[in-house]
file work_2.txt (compact mmCIF, C-alpha atoms)
# COMPACT_ATOMS: atom_id res chain seq x y z
CA MET A 144 2.84 -122.65 -1.62
CA GLU A 145 3.44 -121.25 1.87
CA THR A 146 3.96 -117.51 2.22
CA GLU A 147 6.68 -118.17 4.82
CA TRP A 148 8.69 -120.03 2.17
CA ILE A 149 8.39 -117.00 -0.11
CA ARG A 150 9.42 -114.56 2.63
CA THR A 151 12.49 -116.70 3.34
CA PHE A 152 13.32 -116.88 -0.36
CA LEU A 153 13.13 -113.07 -0.78
CA ILE A 154 15.69 -112.49 1.96
CA ALA A 155 17.89 -115.33 0.73
CA ALA A 156 17.78 -113.90 -2.79
CA ARG A 157 18.91 -110.51 -1.52
CA THR A 158 21.66 -111.78 0.76
CA GLU A 159 22.68 -114.94 -1.13
CA ASN A 160 23.60 -116.23 2.31
CA PHE A 161 21.46 -118.80 4.15
CA ARG A 162 23.13 -118.12 7.52
CA GLU A 163 22.39 -114.40 7.28
CA THR A 164 18.87 -115.19 6.09
CA ALA A 165 18.30 -117.35 9.17
CA GLU A 166 19.41 -114.50 11.44
CA LEU A 167 17.17 -111.98 9.71
CA ARG A 168 14.18 -114.35 9.75
CA PHE A 169 14.83 -115.52 13.35
CA ILE A 170 14.79 -119.17 12.26
CA THR A 171 17.45 -121.86 11.99
CA GLN A 172 19.67 -122.26 8.94
CA SER A 173 18.25 -125.75 8.38
CA THR A 174 14.75 -124.24 8.28
CA VAL A 175 15.93 -121.79 5.62
CA SER A 176 17.22 -124.69 3.54
CA LYS A 177 13.93 -126.57 3.95
CA HIS A 178 11.89 -123.51 2.91
CA ILE A 179 13.97 -123.10 -0.25
CA GLN A 180 13.78 -126.86 -1.00
CA HIS A 181 9.99 -126.88 -0.58
CA LEU A 182 9.72 -123.87 -2.89
CA GLU A 183 11.97 -125.39 -5.53
CA LYS A 184 9.98 -128.63 -5.41
CA GLU A 185 6.71 -126.73 -5.83
CA LEU A 186 8.10 -124.70 -8.74
CA GLN A 187 9.88 -127.73 -10.21
CA THR A 188 13.12 -125.83 -10.72
CA THR A 189 16.19 -124.76 -8.77
CA LEU A 190 16.36 -121.14 -7.69
CA PHE A 191 19.98 -121.03 -6.54
CA ASP A 192 23.25 -122.40 -7.86
CA ARG A 193 25.08 -124.08 -5.00
CA GLN A 194 28.87 -124.33 -4.71
CA GLY A 195 29.75 -125.86 -1.39
CA LYS A 196 28.36 -123.53 1.28
CA GLN A 197 27.95 -120.65 -1.18
CA VAL A 198 24.65 -120.00 -3.00
CA ARG A 199 24.03 -117.73 -5.95
CA LEU A 200 20.64 -116.77 -7.34
CA ASN A 201 20.27 -118.27 -10.82
CA ARG A 202 18.21 -116.89 -13.71
CA PHE A 203 15.12 -118.84 -12.64
CA GLY A 204 15.49 -117.47 -9.12
CA ALA A 205 15.96 -113.93 -10.46
CA TYR A 206 12.73 -114.22 -12.45
CA PHE A 207 10.80 -115.69 -9.52
CA PHE A 208 12.15 -112.95 -7.23
CA GLN A 209 10.15 -110.35 -9.20
CA GLN A 210 6.99 -112.46 -8.97
CA ALA A 211 7.53 -113.23 -5.29
CA GLU A 212 7.82 -109.54 -4.39
CA LYS A 213 4.44 -108.89 -6.01
CA MET A 214 2.89 -111.91 -4.28
CA ILE A 215 4.02 -110.85 -0.82
CA MET A 216 3.02 -107.25 -1.45
CA THR A 217 -0.49 -108.45 -2.32
CA VAL A 218 -0.66 -110.70 0.75
CA ASP A 219 0.56 -107.94 3.08
CA GLU A 220 -1.87 -105.44 1.59
CA GLY A 221 -4.70 -107.92 2.08
CA ILE A 222 -3.70 -108.50 5.72
CA HIS A 223 -3.50 -104.74 6.30
CA ASN A 224 -6.91 -104.21 4.73
CA MET A 225 -8.40 -106.99 6.86
CA GLU A 226 -6.94 -105.47 10.01
CA SER A 227 -8.39 -102.11 9.01
CA PHE A 228 -11.78 -103.73 8.42
CA LEU A 229 -11.68 -105.41 11.84
CA HIS A 230 -11.00 -101.98 13.38
CA GLY A 231 -14.06 -100.54 11.68
CA TYR A 232 -12.57 -99.20 8.43
CA THR A 233 -14.45 -100.23 5.30
CA SER A 234 -12.49 -98.34 2.64
CA HIS A 235 -9.32 -96.36 2.07
CA LEU A 236 -8.51 -93.08 0.27
CA THR A 237 -5.06 -91.76 -0.56
CA ILE A 238 -4.85 -87.99 -0.94
CA GLY A 239 -2.06 -86.25 -2.85
CA VAL A 240 -1.69 -82.74 -1.42
CA ALA A 241 0.35 -79.67 -2.28
CA PRO A 242 2.34 -78.35 0.73
CA GLN A 243 0.49 -74.99 0.70
CA ILE A 244 -2.83 -76.78 1.17
CA ALA A 245 -1.39 -79.32 3.63
CA ASN A 246 -0.21 -76.47 5.85
CA SER A 247 -3.47 -74.55 5.75
CA THR A 248 -6.89 -76.05 5.00
CA LEU A 249 -6.08 -79.78 4.99
CA PRO A 250 -6.30 -80.36 8.78
CA ALA A 251 -9.84 -78.92 8.86
CA ILE A 252 -10.81 -80.98 5.79
CA ILE A 253 -9.49 -84.23 7.30
CA GLN A 254 -11.01 -83.56 10.72
CA THR A 255 -14.46 -82.85 9.28
CA PHE A 256 -14.32 -85.79 6.86
CA GLN A 257 -13.31 -88.23 9.62
CA GLN A 258 -16.19 -86.99 11.75
CA GLN A 259 -18.60 -87.61 8.87
CA LYS A 260 -17.02 -90.82 7.56
CA PRO A 261 -15.22 -92.57 10.44
CA SER A 262 -15.13 -95.88 8.55
CA ILE A 263 -12.85 -94.52 5.79
CA GLN A 264 -9.11 -94.71 6.33
CA ILE A 265 -7.03 -91.82 4.96
CA SER A 266 -3.42 -91.71 3.75
CA ILE A 267 -1.68 -88.44 2.84
CA GLU A 268 1.06 -88.01 0.21
CA LEU A 269 2.79 -84.62 0.03
CA LEU A 270 3.52 -83.77 -3.61
CA LYS A 271 4.39 -80.70 -5.64
CA SER A 272 1.39 -79.25 -7.45
CA ASN A 273 2.92 -80.05 -10.83
CA GLU A 274 3.18 -83.73 -9.81
CA ILE A 275 -0.31 -84.23 -8.41
CA GLY A 276 -2.24 -84.53 -11.68
CA GLU A 277 0.02 -87.32 -12.91
CA ALA A 278 -0.21 -89.12 -9.55
CA VAL A 279 -4.02 -89.04 -9.76
CA TYR A 280 -3.99 -90.20 -13.38
CA THR A 281 -1.70 -93.18 -12.72
CA GLY A 282 -3.62 -94.22 -9.60
CA GLU A 283 -0.81 -93.44 -7.16
CA VAL A 284 -3.36 -91.33 -5.27
CA ASP A 285 -7.17 -91.33 -5.37
CA ILE A 286 -7.63 -87.58 -4.91
CA GLY A 287 -5.46 -84.56 -5.60
CA LEU A 288 -5.60 -81.20 -3.81
CA SER A 289 -3.46 -78.94 -5.94
CA LYS A 290 -2.68 -75.32 -6.76
CA LEU A 291 -2.54 -76.27 -10.46
CA THR A 292 -4.78 -78.03 -12.95
CA SER A 293 -3.51 -81.01 -14.95
CA THR A 294 -3.04 -81.65 -18.66
CA ARG A 295 -4.54 -85.11 -18.08
CA GLU A 296 -8.25 -85.79 -18.52
CA LEU A 297 -9.34 -85.64 -14.90
CA HIS A 298 -12.42 -84.57 -13.00
CA THR A 299 -11.29 -81.07 -11.96
CA VAL A 300 -13.13 -78.79 -9.53
CA LEU A 301 -12.09 -75.26 -8.60
CA LEU A 302 -12.39 -75.18 -4.81
CA ALA A 303 -11.35 -71.60 -4.17
CA GLN A 304 -9.99 -68.42 -5.68
CA GLU A 305 -8.20 -66.43 -3.01
CA SER A 306 -6.83 -62.93 -3.31
CA LEU A 307 -3.23 -62.53 -2.26
CA GLN A 308 -2.18 -60.77 0.91
CA LEU A 309 1.13 -58.98 1.33
CA ILE A 310 2.54 -60.22 4.63
CA ALA A 311 5.12 -58.37 6.69
CA PRO A 312 6.70 -58.67 10.15
CA ILE A 313 4.61 -57.33 13.02
CA ALA A 314 7.39 -54.82 13.72
CA LYS A 315 6.69 -53.15 10.35
CA LYS A 316 2.90 -53.06 10.54
CA GLU A 317 2.88 -49.24 10.64
CA ALA A 318 4.90 -49.03 7.42
CA ASP A 319 3.34 -48.14 4.09
CA ALA A 320 2.82 -51.27 1.95
CA LEU A 321 4.05 -49.68 -1.30
CA THR A 322 7.16 -48.45 0.47
CA LEU A 323 7.84 -51.95 1.79
CA LEU A 324 7.67 -53.34 -1.75
CA GLN A 325 10.58 -51.12 -2.75
CA GLN A 326 12.66 -51.49 0.41
CA GLU A 327 12.21 -55.08 1.59
CA MET A 328 13.26 -58.40 0.09
CA ILE A 329 10.22 -60.00 -1.57
CA LEU A 330 10.23 -63.72 -0.80
CA THR A 331 8.68 -65.79 -3.56
CA HIS A 332 7.70 -69.42 -4.04
CA GLU A 333 9.27 -70.59 -7.30
CA TYR A 334 6.37 -72.97 -7.99
CA ALA A 335 3.62 -70.42 -7.23
CA PRO A 336 1.59 -70.04 -10.46
CA TYR A 337 0.72 -66.43 -9.57
CA TRP A 338 4.32 -65.18 -9.30
CA GLN A 339 4.54 -64.15 -12.96
CA ASP A 340 1.43 -61.99 -12.54
CA ILE A 341 2.96 -60.38 -9.46
CA GLN A 342 6.16 -59.65 -11.37
CA GLN A 343 4.21 -57.85 -14.07
CA VAL A 344 2.64 -55.52 -11.51
CA LEU A 345 5.99 -54.96 -9.77
CA GLN A 346 7.40 -53.54 -13.01
CA GLN A 347 5.64 -50.26 -12.24
CA PHE A 348 7.82 -49.77 -9.19
CA LYS A 349 11.23 -48.18 -9.59
CA ARG A 350 13.04 -51.01 -7.88
CA TYR A 351 12.46 -54.23 -6.01
CA LYS A 352 14.49 -57.27 -5.01
CA SER A 353 13.34 -60.86 -4.60
CA MET A 354 14.50 -64.23 -3.29
CA HIS A 355 13.10 -67.62 -4.37
CA ILE A 356 12.25 -70.12 -1.60
CA ASN A 357 10.45 -73.37 -2.42
CA GLN A 358 8.62 -73.91 0.87
CA THR A 359 5.77 -71.72 2.06
CA GLU A 360 6.39 -72.43 5.75
CA VAL A 361 9.99 -71.25 5.36
CA ILE A 362 8.77 -68.07 3.67
CA LYS A 363 6.46 -67.32 6.60
CA ASN A 364 9.23 -67.95 9.13
CA PHE A 365 11.59 -65.64 7.23
CA VAL A 366 8.95 -62.90 7.30
CA LYS A 367 8.37 -63.41 11.04
CA HIS A 368 12.11 -62.96 11.59
CA GLY A 369 12.17 -59.74 9.61
CA LEU A 370 13.99 -61.18 6.60
CA GLY A 371 11.52 -59.95 4.01
CA ILE A 372 7.90 -59.72 2.89
CA ALA A 373 5.79 -62.04 0.73
CA PHE A 374 2.57 -62.47 -1.21
CA LEU A 375 0.53 -65.43 0.03
CA PRO A 376 -3.15 -66.47 -0.13
CA ARG A 377 -5.33 -65.82 2.89
CA SER A 378 -5.74 -69.49 3.84
CA ILE A 379 -1.97 -69.82 4.26
CA ILE A 380 -1.53 -66.90 6.64
CA GLU A 381 -4.88 -66.83 8.46
CA ALA A 382 -3.74 -68.67 11.62
CA ASP A 383 -0.58 -66.60 11.96
CA TYR A 384 -2.52 -63.39 11.40
CA GLN A 385 -5.09 -64.29 14.07
CA GLN A 386 -2.25 -64.97 16.52
CA ASN A 387 -0.71 -61.59 15.71
CA LEU A 388 2.44 -63.23 14.35
CA LEU A 389 2.23 -61.54 10.95
CA HIS A 390 0.76 -58.34 9.56
CA SER A 391 -1.05 -58.39 6.23
CA TYR A 392 -2.04 -55.81 3.62
CA SER A 393 -4.56 -55.94 0.78
CA ILE A 394 -3.08 -53.89 -2.06
CA GLN A 395 -5.37 -52.62 -4.80
CA GLU A 396 -2.73 -52.99 -7.53
CA PHE A 397 -2.53 -56.75 -6.85
CA SER A 398 -6.22 -57.42 -6.10
CA HIS A 399 -6.88 -59.06 -9.49
CA ILE A 400 -4.27 -61.79 -8.90
CA MET A 401 -5.71 -64.99 -7.49
CA SER A 402 -4.38 -68.17 -5.92
CA ASN A 403 -6.50 -71.13 -7.01
CA SER A 404 -7.03 -74.45 -5.26
CA TYR A 405 -8.24 -77.48 -7.21
CA PHE A 406 -9.74 -80.89 -6.49
CA LEU A 407 -8.58 -83.59 -8.93
CA ALA A 408 -9.88 -87.13 -9.35
CA LYS A 409 -9.80 -89.70 -12.14
CA TYR A 410 -13.24 -91.02 -11.23
CA LEU A 411 -15.96 -90.21 -8.69
CA SER A 412 -17.05 -92.80 -6.15
CA ALA A 413 -19.42 -92.18 -3.25
CA ASP A 414 -16.44 -91.81 -0.88
CA ILE A 415 -14.63 -89.40 -3.19
CA GLU A 416 -17.78 -87.31 -3.67
CA SER A 417 -18.16 -87.14 0.12
CA PHE A 418 -14.59 -85.88 0.40
CA LEU A 419 -15.26 -83.28 -2.29
CA ALA A 420 -18.34 -82.07 -0.40
CA VAL A 421 -16.22 -81.54 2.72
CA CYS A 422 -13.63 -79.61 0.68
CA HIS A 423 -16.39 -77.31 -0.58
CA LEU A 424 -17.64 -76.85 2.98
CA ILE A 425 -14.25 -75.89 4.42
CA TYR A 426 -13.36 -73.50 1.60
CA ALA A 427 -16.86 -71.91 1.78
CA ASP A 428 -16.30 -71.21 5.49
CA LEU A 429 -12.95 -69.65 4.65
CA VAL A 430 -14.52 -67.28 2.13
CA CYS A 431 -17.36 -66.33 4.46
CA ASP A 432 -15.16 -65.56 7.47
call {"tool": "encode", "arguments": {"input": "work_2.txt", "output": "structure tokens"}}
result
Amino acid sequence: METEWIRTFLIAARTENFRETAELRFITQSTVSKHIQHLEKELQTTLFDRQGKQVRLNRFGAYFFQQAEKMIMTVDEGIHNMESFLHGYTSHLTIGVAPQIANSTLPAIIQTFQQQKPSIQISIELLKSNEIGEAVYTGEVDIGLSKLTSTRELHTVLLAQESLQLIAPIAKKEADALTLLQQEMILTHEYAPYWQDIQQVLQQFKRYKSMHINQTEVIKNFVKHGLGIAFLPRSIIEADYQQNLLHSYSIQEFSHIMSNSYFLAKYLSADIESFLAVCHLIYADLVCD
């Protein structure tokens, strides 16, 4: 069974139009007909009901369509893997990453890992922390870098516990931190697991106001533009702080609240253990700086 026949069939099944299929496949309409005839002969059944020039996918064709999609997906994946191998890649890892980590420590992790393991190809999937554990468990990703643990039985490693920094616009760096908490809008990440702990501490202040934003990068930009203040872990704000784009405070009342980062995997292979070692290295450097 030729894969080109199957590719032609998949388009014909979607369009139910051999002329359109020919245009999309850049072949002649007679070639489309021959591909379908060859396939039907091989399968010993018709795949389309024909009425004059019109074709309609029949129940046998509908069933084979599901199988054909899987077949072509497997073939294409095999071709891709072979091409990767020819270019020097011997394996592949898919990493599911929370946006907070993707926007902070991930570039250093990937850069160091690629230097150590140039033969391993990496794919990145951005996911919410509460989705990462399930993605690891189902095999959608090989590794998870998350701000949350999972209820699934996974190999879970705490990579870092970071104290939170109160960040404010540079223009307000001379202001008292406790005064800012009562005067400025506190921008919060609705998925941040530490927000409830922060709220408990804030109860001791006479008044405060907050706004939920679900992207950390947006929160930082709002702060830079003077639209509020925020609590974020050091790894998230370090680059902006070094460039004098944000001012940060360490506040004693909030020093017990931590932002955790976790490594999740369903199993440990040599490649995955190498990636974990790099994660430990990068987070250790962060703590030591």
call {"tool": "closest_atom_pairs", "arguments": {"input": "work_2.txt", "of": "segment 167-276 of chain A", "to": "segment 371-391 of chain A", "cutoff": "12 Å", "atoms": "all atoms listed in the file", "output": "tab-separated table"}}
result
residue	atom	partner	partner_atom	distance
A:Pro242	CA	A:Ile379	CA	10.2
A:Gln243	CA	A:Ile379	CA	6.7
A:Ile244	CA	A:Ile379	CA	7.7
A:Ala245	CA	A:Ile379	CA	9.5
A:Asn246	CA	A:Ile379	CA	7.1
A:Ser247	CA	A:Ile379	CA	5.2
A:Thr248	CA	A:Ser378	CA	6.8
A:Leu249	CA	A:Ser378	CA	10.4
A:Pro250	CA	A:Ser378	CA	12.0
A:Ala251	CA	A:Ser378	CA	11.4
call {"tool": "closest_residue", "arguments": {"input": "work_2.txt", "among": "A:Ser272, A:Gln343, A:Ser266, A:Gln259", "to": "Val421 of chain A", "atoms": "all atoms listed in the file"}}
result
A:Gln259
call {"tool": "atom_distance", "arguments": {"input": "work_2.txt", "atom1": "atom CA of His423 of chain A", "atom2": "atom CA of Leu297 of chain A"}}
result
18.0 Å
call {"tool": "closest_residue", "arguments": {"input": "work_2.txt", "among": "A:Tyr405, A:Ala241, A:Glu163, A:Lys177", "to": "Glu145 of chain A", "atoms": "only C-alpha atoms"}}
result
A:Lys177
call {"tool": "residues_around", "arguments": {"input": "work_2.txt", "residues": "Val361 of chain A", "least_positions_apart": "6", "cutoff": "10 Å", "atoms": "all atoms listed in the file", "output": "list in words"}}
result
Leu330, His332 and Lys367 of chain A
call {"tool": "write_last_selection", "arguments": {"input": "work_2.txt", "atoms": "C-alpha atoms", "output": "mmCIF file, in the coordinates of the input"}}
result
data_model
loop_
_atom_site.group_PDB
_atom_site.id
_atom_site.type_symbol
_atom_site.label_atom_id
_atom_site.label_comp_id
_atom_site.auth_asym_id
_atom_site.auth_seq_id
_atom_site.Cartn_x
_atom_site.Cartn_y
_atom_site.Cartn_z
ATOM 1 C CA LEU A 330 10.230 -63.720 -0.800
ATOM 2 C CA HIS A 332 7.700 -69.420 -4.040
ATOM 3 C CA LYS A 367 8.370 -63.410 11.040
#
call {"tool": "closest_residue", "arguments": {"input": "work_2.txt", "among": "A:Arg193, A:Lys213, A:Lys409, A:Arg199", "to": "Ile149 of chain A", "atoms": "all atoms listed in the file"}}
result
A:Lys213
call {"tool": "atom_distance", "arguments": {"input": "work_2.txt", "atom1": "atom CA of Arg295 of chain A", "atom2": "atom CA of Thr331 of chain A"}}
result
27.5 Å
call {"tool": "atom_distance", "arguments": {"input": "work_2.txt", "atom1": "atom CA of Glu360 of chain A", "atom2": "atom CA of Ala314 of chain A"}}
result
19.4 Å
call {"tool": "closest_residue", "arguments": {"input": "work_2.txt", "among": "A:Thr281, A:Thr237, A:Ser404, A:Gln304", "to": "Ile267 of chain A", "atoms": "all atoms listed in the file"}}
result
A:Thr237
call {"tool": "closest_residue", "arguments": {"input": "work_2.txt", "among": "A:Leu407, A:Ala311, A:Leu302, A:Val366", "to": "Cys422 of chain A", "atoms": "all atoms listed in the file"}}
result
A:Leu302
call {"tool": "closest_residue", "arguments": {"input": "work_2.txt", "among": "A:Leu411, A:Lys196, A:Gln347, A:Phe203", "to": "Thr299 of chain A", "atoms": "only C-alpha atoms"}}
result
A:Leu411
call {"tool": "residues_around", "arguments": {"input": "work_2.txt", "residues": "Glu159 of chain A", "least_positions_apart": "4", "cutoff": "9 Å", "atoms": "only C-alpha atoms", "output": "compact mmCIF listing (two decimals) with C-alpha atoms, in the coordinates of the input"}}
result
# COMPACT_ATOMS: atom_id res chain seq x y z
CA ILE A 154 15.69 -112.49 1.96
CA ALA A 155 17.89 -115.33 0.73
CA GLU A 163 22.39 -114.40 7.28
CA THR A 164 18.87 -115.19 6.09
CA PHE A 191 19.98 -121.03 -6.54
CA GLN A 197 27.95 -120.65 -1.18
CA VAL A 198 24.65 -120.00 -3.00
CA ARG A 199 24.03 -117.73 -5.95
CA LEU A 200 20.64 -116.77 -7.34
call {"tool": "residues_around", "arguments": {"input": "work_2.txt", "residues": "Ser353 of chain A", "least_positions_apart": "2", "cutoff": "12 Å", "atoms": "all atoms listed in the file", "output": "list in words"}}
result
Leu324, Gln325, Gln326, Glu327, Met328, Ile329, Leu330, Thr331, His332, Glu333, Trp338, Ile341, Gln342, Leu345, Arg350, Tyr351, His355, Ile356, Ile362, Leu370, Gly371, Ile372, Ala373 and Phe374 of chain A
call {"tool": "residues_around", "arguments": {"input": "work_2.txt", "residues": "Glu166 of chain A", "least_positions_apart": "5", "cutoff": "12 Å", "atoms": "all atoms listed in the file", "output": "PyMOL selection string"}}
result
chain A and resi 151+154-155+158+160-161+171-175
call {"tool": "write_last_selection", "arguments": {"input": "work_2.txt", "atoms": "C-alpha atoms", "output": "JSON list (two decimals), keeping the file's coordinate frame"}}
result
[["chain", "number", "residue", "atom", "x", "y", "z"],
["A", 151, "THR", "CA", 12.49, -116.70, 3.34],
["A", 154, "ILE", "CA", 15.69, -112.49, 1.96],
["A", 155, "ALA", "CA", 17.89, -115.33, 0.73],
["A", 158, "THR", "CA", 21.66, -111.78, 0.76],
["A", 160, "ASN", "CA", 23.60, -116.23, 2.31],
["A", 161, "PHE", "CA", 21.46, -118.80, 4.15],
["A", 171, "THR", "CA", 17.45, -121.86, 11.99],
["A", 172, "GLN", "CA", 19.67, -122.26, 8.94],
["A", 173, "SER", "CA", 18.25, -125.75, 8.38],
["A", 174, "THR", "CA", 14.75, -124.24, 8.28],
["A", 175, "VAL", "CA", 15.93, -121.79, 5.62]]
call {"tool": "residues_near_point", "arguments": {"input": "work_2.txt", "point": "(-1.3, -62.6, -11.8)", "cutoff": "8 Å", "atoms": "all atoms listed in the file", "output": "ChimeraX atom specification"}}
result
/A:337-341,343,397,399-401
call {"tool": "decode", "arguments": {"input": "work_2.txt", "residues": "segment 220-229 of chain A", "atoms": "all heavy atoms", "output": "PDB file, in the first residue's frame"}}
result
ATOM      1  N   GLU A 220       6.093  11.030  11.354  1.00  0.00           N
ATOM      2  CA  GLU A 220       6.927  11.098  12.555  1.00  0.00           C
ATOM      3  C   GLU A 220       8.236  10.347  12.340  1.00  0.00           C
ATOM      4  O   GLU A 220       9.309  10.804  12.736  1.00  0.00           O
ATOM      5  CB  GLU A 220       6.180  10.512  13.753  1.00  0.00           C
ATOM      6  CG  GLU A 220       6.959  10.603  15.058  1.00  0.00           C
ATOM      7  CD  GLU A 220       6.204  10.018  16.238  1.00  0.00           C
ATOM      8  OE1 GLU A 220       5.056   9.577  16.057  1.00  0.00           O
ATOM      9  OE2 GLU A 220       6.766  10.014  17.348  1.00  0.00           O
ATOM     10  N   GLY A 221       8.134   9.196  11.667  1.00  0.00           N
ATOM     11  CA  GLY A 221       9.333   8.418  11.386  1.00  0.00           C
ATOM     12  C   GLY A 221      10.286   9.160  10.461  1.00  0.00           C
ATOM     13  O   GLY A 221      11.514   9.153  10.670  1.00  0.00           O
ATOM     14  N   ILE A 222       9.730   9.828   9.452  1.00  0.00           N
ATOM     15  CA  ILE A 222      10.562  10.616   8.521  1.00  0.00           C
ATOM     16  C   ILE A 222      11.234  11.755   9.262  1.00  0.00           C
ATOM     17  O   ILE A 222      12.430  12.027   9.088  1.00  0.00           O
ATOM     18  CB  ILE A 222       9.697  11.152   7.362  1.00  0.00           C
ATOM     19  CG1 ILE A 222       9.237   9.990   6.469  1.00  0.00           C
ATOM     20  CG2 ILE A 222      10.475  12.185   6.540  1.00  0.00           C
ATOM     21  CD1 ILE A 222       8.231  10.397   5.409  1.00  0.00           C
ATOM     22  N   HIS A 223      10.451  12.435  10.125  1.00  0.00           N
ATOM     23  CA  HIS A 223      11.003  13.551  10.913  1.00  0.00           C
ATOM     24  C   HIS A 223      12.128  13.068  11.820  1.00  0.00           C
ATOM     25  O   HIS A 223      13.186  13.702  11.914  1.00  0.00           O
ATOM     26  CB  HIS A 223       9.897  14.197  11.744  1.00  0.00           C
ATOM     27  CG  HIS A 223      10.399  15.231  12.707  1.00  0.00           C
ATOM     28  ND1 HIS A 223      10.812  16.478  12.308  1.00  0.00           N
ATOM     29  CD2 HIS A 223      10.573  15.180  14.057  1.00  0.00           C
ATOM     30  CE1 HIS A 223      11.219  17.170  13.353  1.00  0.00           C
ATOM     31  NE2 HIS A 223      11.084  16.412  14.429  1.00  0.00           N
ATOM     32  N   ASN A 224      11.905  11.928  12.473  1.00  0.00           N
ATOM     33  CA  ASN A 224      12.925  11.387  13.373  1.00  0.00           C
ATOM     34  C   ASN A 224      14.180  10.997  12.606  1.00  0.00           C
ATOM     35  O   ASN A 224      15.306  11.193  13.098  1.00  0.00           O
ATOM     36  CB  ASN A 224      12.382  10.174  14.132  1.00  0.00           C
ATOM     37  CG  ASN A 224      11.318  10.555  15.146  1.00  0.00           C
ATOM     38  OD1 ASN A 224      11.208  11.722  15.536  1.00  0.00           O
ATOM     39  ND2 ASN A 224      10.531   9.581  15.580  1.00  0.00           N
ATOM     40  N   MET A 225      14.005  10.462  11.397  1.00  0.00           N
ATOM     41  CA  MET A 225      15.157  10.088  10.575  1.00  0.00           C
ATOM     42  C   MET A 225      15.944  11.316  10.157  1.00  0.00           C
ATOM     43  O   MET A 225      17.182  11.333  10.184  1.00  0.00           O
ATOM     44  CB  MET A 225      14.683   9.312   9.337  1.00  0.00           C
ATOM     45  CG  MET A 225      15.821   8.766   8.483  1.00  0.00           C
ATOM     46  SD  MET A 225      16.839   7.589   9.433  1.00  0.00           S
ATOM     47  CE  MET A 225      18.213   7.353   8.302  1.00  0.00           C
ATOM     48  N   GLU A 226      15.222  12.369   9.770  1.00  0.00           N
ATOM     49  CA  GLU A 226      15.885  13.618   9.399  1.00  0.00           C
ATOM     50  C   GLU A 226      16.663  14.192  10.580  1.00  0.00           C
ATOM     51  O   GLU A 226      17.785  14.683  10.422  1.00  0.00           O
ATOM     52  CB  GLU A 226      14.852  14.632   8.902  1.00  0.00           C
ATOM     53  CG  GLU A 226      14.246  14.276   7.549  1.00  0.00           C
ATOM     54  CD  GLU A 226      13.125  15.217   7.150  1.00  0.00           C
ATOM     55  OE1 GLU A 226      12.648  15.982   8.034  1.00  0.00           O
ATOM     56  OE2 GLU A 226      12.727  15.195   5.970  1.00  0.00           O
ATOM     57  N   SER A 227      16.047  14.114  11.767  1.00  0.00           N
ATOM     58  CA  SER A 227      16.733  14.591  12.972  1.00  0.00           C
ATOM     59  C   SER A 227      18.003  13.778  13.227  1.00  0.00           C
ATOM     60  O   SER A 227      19.057  14.325  13.568  1.00  0.00           O
ATOM     61  CB  SER A 227      15.807  14.496  14.189  1.00  0.00           C
ATOM     62  OG  SER A 227      14.689  15.347  14.036  1.00  0.00           O
ATOM     63  N   PHE A 228      17.895  12.456  13.046  1.00  0.00           N
ATOM     64  CA  PHE A 228      19.046  11.578  13.249  1.00  0.00           C
ATOM     65  C   PHE A 228      20.166  11.918  12.281  1.00  0.00           C
ATOM     66  O   PHE A 228      21.340  11.968  12.659  1.00  0.00           O
ATOM     67  CB  PHE A 228      18.623  10.119  13.086  1.00  0.00           C
ATOM     68  CG  PHE A 228      19.741   9.135  13.283  1.00  0.00           C
ATOM     69  CD1 PHE A 228      20.183   8.818  14.556  1.00  0.00           C
ATOM     70  CD2 PHE A 228      20.354   8.535  12.187  1.00  0.00           C
ATOM     71  CE1 PHE A 228      21.218   7.913  14.744  1.00  0.00           C
ATOM     72  CE2 PHE A 228      21.379   7.640  12.367  1.00  0.00           C
ATOM     73  CZ  PHE A 228      21.822   7.321  13.649  1.00  0.00           C
ATOM     74  N   LEU A 229      19.804  12.174  11.021  1.00  0.00           N
ATOM     75  CA  LEU A 229      20.808  12.509  10.001  1.00  0.00           C
ATOM     76  C   LEU A 229      21.502  13.835  10.308  1.00  0.00           C
ATOM     77  O   LEU A 229      22.644  14.053   9.910  1.00  0.00           O
ATOM     78  CB  LEU A 229      20.147  12.576   8.619  1.00  0.00           C
ATOM     79  CG  LEU A 229      19.672  11.239   8.046  1.00  0.00           C
ATOM     80  CD1 LEU A 229      18.881  11.462   6.761  1.00  0.00           C
ATOM     81  CD2 LEU A 229      20.857  10.307   7.789  1.00  0.00           C
TER      82      LEU A 229
END
